[in-house]
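Participant: For reference, this is final-v2.pdb, and it has PDB, C-alpha atoms.
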ATOM      1  CA  ARG A  15     132.528 170.661  94.146  1.00  0.00           C
ATOM      2  CA  LEU A  16     135.703 169.138  92.780  1.00  0.00           C
ATOM      3  CA  ALA A  17     135.460 171.202  89.597  1.00  0.00           C
ATOM      4  CA  THR A  18     135.052 174.414  91.574  1.00  0.00           C
ATOM      5  CA  ALA A  19     137.860 173.508  93.978  1.00  0.00           C
ATOM      6  CA  ASN A  20     140.147 173.122  90.955  1.00  0.00           C
ATOM      7  CA  GLY A  21     139.164 176.420  89.387  1.00  0.00           C
ATOM      8  CA  GLY A  22     136.628 174.780  87.081  1.00  0.00           C
ATOM      9  CA  GLU A  23     132.953 175.030  86.299  1.00  0.00           C
ATOM     10  CA  LEU A  24     130.286 172.319  86.239  1.00  0.00           C
ATOM     11  CA  LEU A  25     128.723 172.541  82.761  1.00  0.00           C
ATOM     12  CA  GLU A  26     126.375 169.591  82.818  1.00  0.00           C
ATOM     13  CA  MET A  27     125.316 166.763  85.076  1.00  0.00           C
ATOM     14  CA  HIS A  28     122.421 164.436  84.535  1.00  0.00           C
ATOM     15  CA  GLY A  29     121.478 160.871  85.143  1.00  0.00           C
ATOM     16  CA  ASP A  30     118.640 158.459  84.609  1.00  0.00           C
ATOM     17  CA  GLY A  31     119.207 156.423  87.746  1.00  0.00           C
ATOM     18  CA  GLY A  32     121.446 153.906  85.988  1.00  0.00           C
ATOM     19  CA  GLU A  33     124.002 156.230  84.436  1.00  0.00           C
ATOM     20  CA  VAL A  34     125.400 159.657  85.267  1.00  0.00           C
ATOM     21  CA  VAL A  35     127.040 162.043  82.802  1.00  0.00           C
ATOM     22  CA  VAL A  36     129.220 164.904  84.014  1.00  0.00           C
ATOM     23  CA  ARG A  37     130.897 167.635  81.935  1.00  0.00           C
ATOM     24  CA  VAL A  38     133.253 170.231  83.457  1.00  0.00           C
ATOM     25  CA  ARG A  39     135.451 173.044  82.156  1.00  0.00           C
ATOM     26  CA  VAL A  40     138.781 174.055  83.682  1.00  0.00           C
ATOM     27  CA  GLY A  41     140.209 177.007  81.788  1.00  0.00           C
ATOM     28  CA  GLU A  42     139.856 176.224  78.093  1.00  0.00           C
ATOM     29  CA  VAL A  43     139.661 172.440  78.627  1.00  0.00           C
ATOM     30  CA  GLU A  44     136.397 170.519  78.909  1.00  0.00           C
ATOM     31  CA  ALA A  45     136.206 167.052  80.457  1.00  0.00           C
ATOM     32  CA  TYR A  46     133.367 164.551  80.052  1.00  0.00           C
ATOM     33  CA  ALA A  47     132.696 161.464  82.161  1.00  0.00           C
ATOM     34  CA  ARG A  48     130.025 158.784  82.111  1.00  0.00           C
ATOM     35  CA  ALA A  49     129.486 156.319  84.963  1.00  0.00           C
ATOM     36  CA  ARG A  50     127.087 153.403  85.345  1.00  0.00           C
ATOM     37  CA  ALA A  51     125.644 152.309  88.650  1.00  0.00           C
ATOM     38  CA  THR A  52     125.780 148.688  89.707  1.00  0.00           C
ATOM     39  CA  ARG A  53     122.441 149.186  91.472  1.00  0.00           C
ATOM     40  CA  ARG A  54     119.737 151.710  90.736  1.00  0.00           C
ATOM     41  CA  PRO A  55     120.299 154.767  92.969  1.00  0.00           C
ATOM     42  CA  GLN A  56     117.632 157.264  93.898  1.00  0.00           C
ATOM     43  CA  PRO A  57     117.879 160.649  92.139  1.00  0.00           C
ATOM     44  CA  VAL A  58     120.014 163.120  94.073  1.00  0.00           C
ATOM     45  CA  GLU A  59     120.861 166.781  93.759  1.00  0.00           C
ATOM     46  CA  PRO A  60     123.728 167.210  91.255  1.00  0.00           C
ATOM     47  CA  LEU A  61     127.262 168.008  92.399  1.00  0.00           C
ATOM     48  CA  GLY A  62     127.792 171.709  92.721  1.00  0.00           C
ATOM     49  CA  SER A  63     124.141 172.257  93.558  1.00  0.00           C
ATOM     50  CA  ASP A  64     124.862 174.190  96.735  1.00  0.00           C
ATOM     51  CA  SER A  65     122.019 176.601  97.061  1.00  0.00           C
ATOM     52  CA  PRO A  66     122.896 179.848  95.372  1.00  0.00           C
ATOM     53  CA  SER A  67     122.683 183.048  97.383  1.00  0.00           C
ATOM     54  CA  LEU A  68     119.323 184.210  96.073  1.00  0.00           C
ATOM     55  CA  THR A  69     117.802 187.662  95.902  1.00  0.00           C
ATOM     56  CA  THR A  70     114.789 189.056  94.087  1.00  0.00           C
ATOM     57  CA  VAL A  71     115.070 191.943  91.645  1.00  0.00           C
ATOM     58  CA  ARG A  72     111.753 193.425  90.513  1.00  0.00           C
ATOM     59  CA  GLY A  73     110.033 190.077  91.007  1.00  0.00           C
ATOM     60  CA  ILE A  74     112.773 187.962  89.367  1.00  0.00           C
ATOM     61  CA  THR A  75     114.785 185.711  91.708  1.00  0.00           C
ATOM     62  CA  VAL A  76     118.453 185.332  90.752  1.00  0.00           C
ATOM     63  CA  ASP A  77     121.809 184.632  92.357  1.00  0.00           C
ATOM     64  CA  ALA A  78     122.985 187.681  94.318  1.00  0.00           C
ATOM     65  CA  SER A  79     126.136 187.820  92.156  1.00  0.00           C
ATOM     66  CA  VAL A  80     124.087 189.018  89.152  1.00  0.00           C
ATOM     67  CA  ALA A  81     121.427 191.076  90.948  1.00  0.00           C
ATOM     68  CA  GLY A  82     123.126 194.399  90.189  1.00  0.00           C
ATOM     69  CA  GLN A  83     123.499 193.525  86.517  1.00  0.00           C
ATOM     70  CA  LEU A  84     119.856 192.487  86.271  1.00  0.00           C
ATOM     71  CA  GLU A  85     118.651 195.630  88.056  1.00  0.00           C
ATOM     72  CA  ALA A  86     120.686 197.797  85.677  1.00  0.00           C
ATOM     73  CA  LEU A  87     119.352 195.899  82.637  1.00  0.00           C
ATOM     74  CA  LEU A  88     115.735 196.221  83.801  1.00  0.00           C
ATOM     75  CA  ALA A  89     116.174 199.933  84.548  1.00  0.00           C
ATOM     76  CA  ALA A  90     117.761 200.585  81.147  1.00  0.00           C
ATOM     77  CA  ALA A  91     114.954 198.734  79.356  1.00  0.00           C
ATOM     78  CA  GLU A  92     112.372 200.688  81.327  1.00  0.00           C
ATOM     79  CA  SER A  93     114.024 203.983  80.417  1.00  0.00           C
ATOM     80  CA  ASP A  94     113.725 202.915  76.768  1.00  0.00           C
ATOM     81  CA  GLY A  95     110.020 202.159  77.243  1.00  0.00           C
ATOM     82  CA  VAL A  96     110.377 198.374  77.428  1.00  0.00           C
ATOM     83  CA  THR A  97     109.043 196.624  80.536  1.00  0.00           C
ATOM     84  CA  LEU A  98     110.784 193.320  81.172  1.00  0.00           C
ATOM     85  CA  THR A  99     109.316 190.691  83.484  1.00  0.00           C
ATOM     86  CA  GLY A 100     110.088 187.026  83.870  1.00  0.00           C
ATOM     87  CA  SER A 101     111.379 184.230  86.071  1.00  0.00           C
ATOM     88  CA  GLY A 102     114.876 183.298  87.151  1.00  0.00           C
ATOM     89  CA  TYR A 103     115.963 180.713  89.706  1.00  0.00           C
ATOM     90  CA  ARG A 104     114.352 177.303  89.871  1.00  0.00           C
ATOM     91  CA  SER A 105     115.298 174.330  92.008  1.00  0.00           C
ATOM     92  CA  THR A 106     116.410 170.996  90.581  1.00  0.00           C
ATOM     93  CA  ALA A 107     113.045 169.563  91.659  1.00  0.00           C
ATOM     94  CA  GLN A 108     111.289 172.280  89.628  1.00  0.00           C
ATOM     95  CA  GLN A 109     113.585 171.550  86.651  1.00  0.00           C
ATOM     96  CA  ILE A 110     112.649 167.865  86.858  1.00  0.00           C
ATOM     97  CA  GLU A 111     108.944 168.788  86.879  1.00  0.00           C
ATOM     98  CA  LEU A 112     109.433 171.012  83.808  1.00  0.00           C
ATOM     99  CA  ARG A 113     111.189 168.159  82.011  1.00  0.00           C
ATOM    100  CA  ARG A 114     108.270 165.854  82.843  1.00  0.00           C
ATOM    101  CA  ALA A 115     105.823 168.422  81.507  1.00  0.00           C
ATOM    102  CA  HIS A 116     107.836 169.315  78.386  1.00  0.00           C
ATOM    103  CA  CYS A 117     109.687 166.095  77.535  1.00  0.00           C
ATOM    104  CA  GLY A 118     107.781 163.109  78.939  1.00  0.00           C
ATOM    105  CA  THR A 119     107.625 161.189  82.180  1.00  0.00           C
ATOM    106  CA  SER A 120     110.096 158.346  81.606  1.00  0.00           C
ATOM    107  CA  ASP A 121     113.523 158.499  83.257  1.00  0.00           C
ATOM    108  CA  TYR A 122     115.010 158.712  79.757  1.00  0.00           C
ATOM    109  CA  ALA A 123     112.822 161.707  78.834  1.00  0.00           C
ATOM    110  CA  VAL A 124     113.522 163.518  82.094  1.00  0.00           C
ATOM    111  CA  TYR A 125     117.259 162.859  82.467  1.00  0.00           C
ATOM    112  CA  ARG A 126     118.723 161.909  79.080  1.00  0.00           C
ATOM    113  CA  ALA A 127     116.684 163.181  76.145  1.00  0.00           C
ATOM    114  CA  ALA A 128     118.194 166.131  74.319  1.00  0.00           C
ATOM    115  CA  PRO A 129     116.762 169.493  75.399  1.00  0.00           C
ATOM    116  CA  SER A 130     115.773 170.100  71.766  1.00  0.00           C
ATOM    117  CA  SER A 131     113.500 167.026  71.835  1.00  0.00           C
ATOM    118  CA  CYS A 132     111.249 168.780  74.368  1.00  0.00           C
ATOM    119  CA  THR A 133     108.452 171.259  73.624  1.00  0.00           C
ATOM    120  CA  PRO A 134     109.552 173.869  74.420  1.00  0.00           C
ATOM    121  CA  PRO A 135     113.270 173.031  74.678  1.00  0.00           C
ATOM    122  CA  THR A 136     114.112 172.340  78.332  1.00  0.00           C
ATOM    123  CA  ALA A 137     117.554 171.744  79.896  1.00  0.00           C
ATOM    124  CA  ARG A 138     118.306 168.477  81.655  1.00  0.00           C
ATOM    125  CA  PRO A 139     118.175 168.612  85.465  1.00  0.00           C
ATOM    126  CA  GLY A 140     121.567 169.649  86.789  1.00  0.00           C
ATOM    127  CA  SER A 141     122.520 171.532  83.634  1.00  0.00           C
ATOM    128  CA  SER A 142     120.150 174.499  83.672  1.00  0.00           C
ATOM    129  CA  MET A 143     121.569 177.921  84.478  1.00  0.00           C
ATOM    130  CA  HIS A 144     118.226 178.548  86.226  1.00  0.00           C
ATOM    131  CA  GLU A 145     119.274 176.055  88.912  1.00  0.00           C
ATOM    132  CA  ARG A 146     122.249 178.299  89.662  1.00  0.00           C
ATOM    133  CA  GLY A 147     120.189 181.498  89.562  1.00  0.00           C
ATOM    134  CA  LEU A 148     122.152 182.711  86.538  1.00  0.00           C
ATOM    135  CA  ALA A 149     119.382 182.724  83.911  1.00  0.00           C
ATOM    136  CA  VAL A 150     116.146 184.580  83.279  1.00  0.00           C
ATOM    137  CA  ASP A 151     113.240 183.538  81.087  1.00  0.00           C
ATOM    138  CA  PHE A 152     111.680 186.821  79.997  1.00  0.00           C
ATOM    139  CA  ASP A 153     107.933 187.040  79.474  1.00  0.00           C
ATOM    140  CA  ASP A 154     106.710 188.231  76.063  1.00  0.00           C
ATOM    141  CA  CYS A 155     109.966 187.158  74.349  1.00  0.00           C
ATOM    142  CA  SER A 156     108.718 184.020  72.631  1.00  0.00           C
ATOM    143  CA  THR A 157     109.941 185.160  69.196  1.00  0.00           C
ATOM    144  CA  ARG A 158     112.753 187.270  67.821  1.00  0.00           C
ATOM    145  CA  ALA A 159     110.128 189.660  66.439  1.00  0.00           C
ATOM    146  CA  ALA A 160     108.999 190.586  69.967  1.00  0.00           C
ATOM    147  CA  ALA A 161     109.940 194.039  71.261  1.00  0.00           C
ATOM    148  CA  CYS A 162     111.358 192.371  74.368  1.00  0.00           C
ATOM    149  CA  TRP A 163     113.761 190.193  72.354  1.00  0.00           C
ATOM    150  CA  ARG A 164     114.773 193.022  70.029  1.00  0.00           C
ATOM    151  CA  TRP A 165     115.684 195.240  72.990  1.00  0.00           C
ATOM    152  CA  LEU A 166     117.566 192.445  74.764  1.00  0.00           C
ATOM    153  CA  ASP A 167     119.397 191.504  71.574  1.00  0.00           C
ATOM    154  CA  GLY A 168     120.756 195.027  71.291  1.00  0.00           C
ATOM    155  CA  HIS A 169     121.522 195.647  74.963  1.00  0.00           C
ATOM    156  CA  ALA A 170     121.685 192.552  77.204  1.00  0.00           C
ATOM    157  CA  ALA A 171     125.345 191.718  76.534  1.00  0.00           C
ATOM    158  CA  ALA A 172     126.370 195.059  78.032  1.00  0.00           C
ATOM    159  CA  TYR A 173     124.855 193.805  81.296  1.00  0.00           C
ATOM    160  CA  GLY A 174     126.377 190.323  81.097  1.00  0.00           C
ATOM    161  CA  PHE A 175     123.366 188.433  79.735  1.00  0.00           C
ATOM    162  CA  HIS A 176     123.426 186.364  76.541  1.00  0.00           C
ATOM    163  CA  ASN A 177     120.702 184.555  74.619  1.00  0.00           C
ATOM    164  CA  LEU A 178     120.410 180.820  74.133  1.00  0.00           C
ATOM    165  CA  PRO A 179     119.728 180.798  70.360  1.00  0.00           C
ATOM    166  CA  SER A 180     117.142 177.994  70.509  1.00  0.00           C
ATOM    167  CA  GLU A 181     115.089 179.873  73.131  1.00  0.00           C
ATOM    168  CA  PRO A 182     114.398 183.568  72.426  1.00  0.00           C
ATOM    169  CA  TRP A 183     113.075 184.045  75.976  1.00  0.00           C
ATOM    170  CA  HIS A 184     116.138 182.540  77.749  1.00  0.00           C
ATOM    171  CA  TRP A 185     119.014 184.858  78.738  1.00  0.00           C
ATOM    172  CA  SER A 186     121.870 183.779  80.996  1.00  0.00           C
ATOM    173  CA  THR A 187     125.351 184.797  82.026  1.00  0.00           C
ATOM    174  CA  ASN A 188     126.932 182.365  79.554  1.00  0.00           C
ATOM    175  CA  GLY A 189     124.280 181.944  76.833  1.00  0.00           C
ATOM    176  CA  THR A 190     123.348 178.370  77.832  1.00  0.00           C
TER
END
Rewrite the structure from the file as structure tokens, please.

Facilitator:
Amino acid sequence: RLATANGGELLEMHGDGGEVVVRVRVGEVEAYARARATRRPQPVEPLGSDSPSLTTVRGITVDASVAGQLEALLAAAESDGVTLTGSGYRSTAQQIELRRAHCGTSDYAVYRAAPSSCTPPTARPGSSMHERGLAVDFDDCSTRAAACWRWLDGHAAAYGFHNLPSEPWHWSTNGT
């Protein structure tokens, strides 16, 4: 909330119960902070996790601020003969469950391990654009050879969506 109030953006927040890491951007400047708890706190929703204003576009739930862009992208793909389906928003609790499934069940695996150490790569809770409703994982885009990925690669940026290079299926408003 402090980052937003100062014209900034929360880029990352995660913790393992004993330590919290926060990264914010204000303009062109990024700030990073690490704090250690004197007692083990219970996991909480990350700062800036106010529920996004959600809407569903052709079965994909996203923040209302990008619904028009997503609708236009899906319509354009359809007019080119490419049907895009997928999933968008997920809660922090769902992100934690994905980390457990993809990364391991220890606090370290869930909250601190690098996303690239998971199979498939999975963002830390509090740092996924899905938790803000600003990312879509498209079905049938598991490789760059897929028709889905090829179409998105040539057109998605015009609609404000960018690919996370390590995940061909993952497209968000900022590419993370």

Participant: Can you list, as a ChimeraX atom specification, the residues that the PyMOL selection byres ((chain A and resi 153) around 9) selects here?

Facilitator: /A:98-101,151-152,154-156,162,183

Participant: Find the residues near stretch 171-175 of chain A: any atom within 6 Å, counting all atoms listed in the file, skip ones fewer than 6 places away on the same chain, and give them as a ChimeraX atom specification.

Facilitator: /A:83,185-187

Participant: Determine, counting all atoms listed in the file, which protein, DNA and RNA residues have an atom within 6 Å of an atom of A:Gly189; residues of the same chain fewer than 2 positions away are not included. Present the result as a VMD selection string.

Facilitator: chain A and resid 176 to 178 186

Participant: Next, dump the selected residues to file, keeping only C-alpha atoms, as a PDB file, in the coordinates of the input.

Facilitator:
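New file again-v1.pdb:
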ATOM      1  CA  HIS A 176     123.426 186.364  76.541  1.00  0.00           C
ATOM      2  CA  ASN A 177     120.702 184.555  74.619  1.00  0.00           C
ATOM      3  CA  LEU A 178     120.410 180.820  74.133  1.00  0.00           C
ATOM      4  CA  SER A 186     121.870 183.779  80.996  1.00  0.00           C
TER       5      SER A 186
END

Participant: Expand the PyMOL selection byres ((chain A and resi 143) around 12) into the individual residues it matches in the shown file, reporting them as JSON, numbers by chain.

Facilitator: {"A": [23, 24, 25, 26, 27, 63, 66, 76, 77, 102, 103, 104, 105, 106, 109, 136, 137, 138, 139, 140, 141, 142, 144, 145, 146, 147, 148, 149, 150, 151, 175, 176, 177, 178, 184, 185, 186, 187, 188, 189, 190]}

Participant: Hey, which of A:Arg113, A:Arg39, A:Arg48, A:His169 ends up closest to A:Cys132? Count all atoms listed in the file.

Facilitator: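 Among the listed residues, A:Arg113 lies closest to A:Cys132.
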
Participant: If the PyMOL selection byres ((chain A and resi 114) around 12) is run on the structure shown, which residues does it catch, given as JSON, numbers by chain?

Facilitator: {"A": [107, 108, 109, 110, 111, 112, 113, 115, 116, 117, 118, 119, 120, 121, 122, 123, 124, 125, 126, 127, 129, 132, 133, 134, 135, 136, 137, 138, 139]}

Participant: Work out how far apart atom CA of A:Ala170 and atom CA of A:His28 are and give it in Å to one decimal.

Facilitator: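 Interatomic distance here is 29.1 Å.
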
Participant: Between atom CA of A:Pro179 and atom CA of A:Ala161, what distance in Å does the model show, to one decimal?

Facilitator: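 Rounded to one decimal, the two atoms are 16.5 Å apart.
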
Participant: Mind pulling up the distance from atom CA of A:Thr69 to atom CA of A:Ala91?

Facilitator: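 Separation between atom CA of A:Ala91 and atom CA of A:Thr69: 20.1 Å.
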
Participant: Can you pull out the residues contacting A:Tyr46? Cut-off 8 Å, using all atoms listed in the file, and skip same-chain residues under 5 positions away; I want them as a PDB file with C-alpha atoms, in the frame of the given file.

Facilitator:
ATOM      1  CA  VAL A  35     127.040 162.043  82.802  1.00  0.00           C
ATOM      2  CA  VAL A  36     129.220 164.904  84.014  1.00  0.00           C
ATOM      3  CA  ARG A  37     130.897 167.635  81.935  1.00  0.00           C
ATOM      4  CA  VAL A  38     133.253 170.231  83.457  1.00  0.00           C
TER       5      VAL A  38
END

Participant: Could you check the closest approach to A:Asp94 for each of A:Trp165, A:Thr157, A:Leu68, A:Val40 and tell me which residue wins, using only C-alpha atoms?

Facilitator: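 The closest residue to A:Asp94 is A:Trp165.
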
Participant: Go through A:Val71, A:Ala45, A:Gly22, A:Gly29 and flag the residue nearest A:Glu85, using only C-alpha atoms for the distances.

Facilitator: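 Closest to A:Glu85, using only C-alpha atoms: A:Val71.
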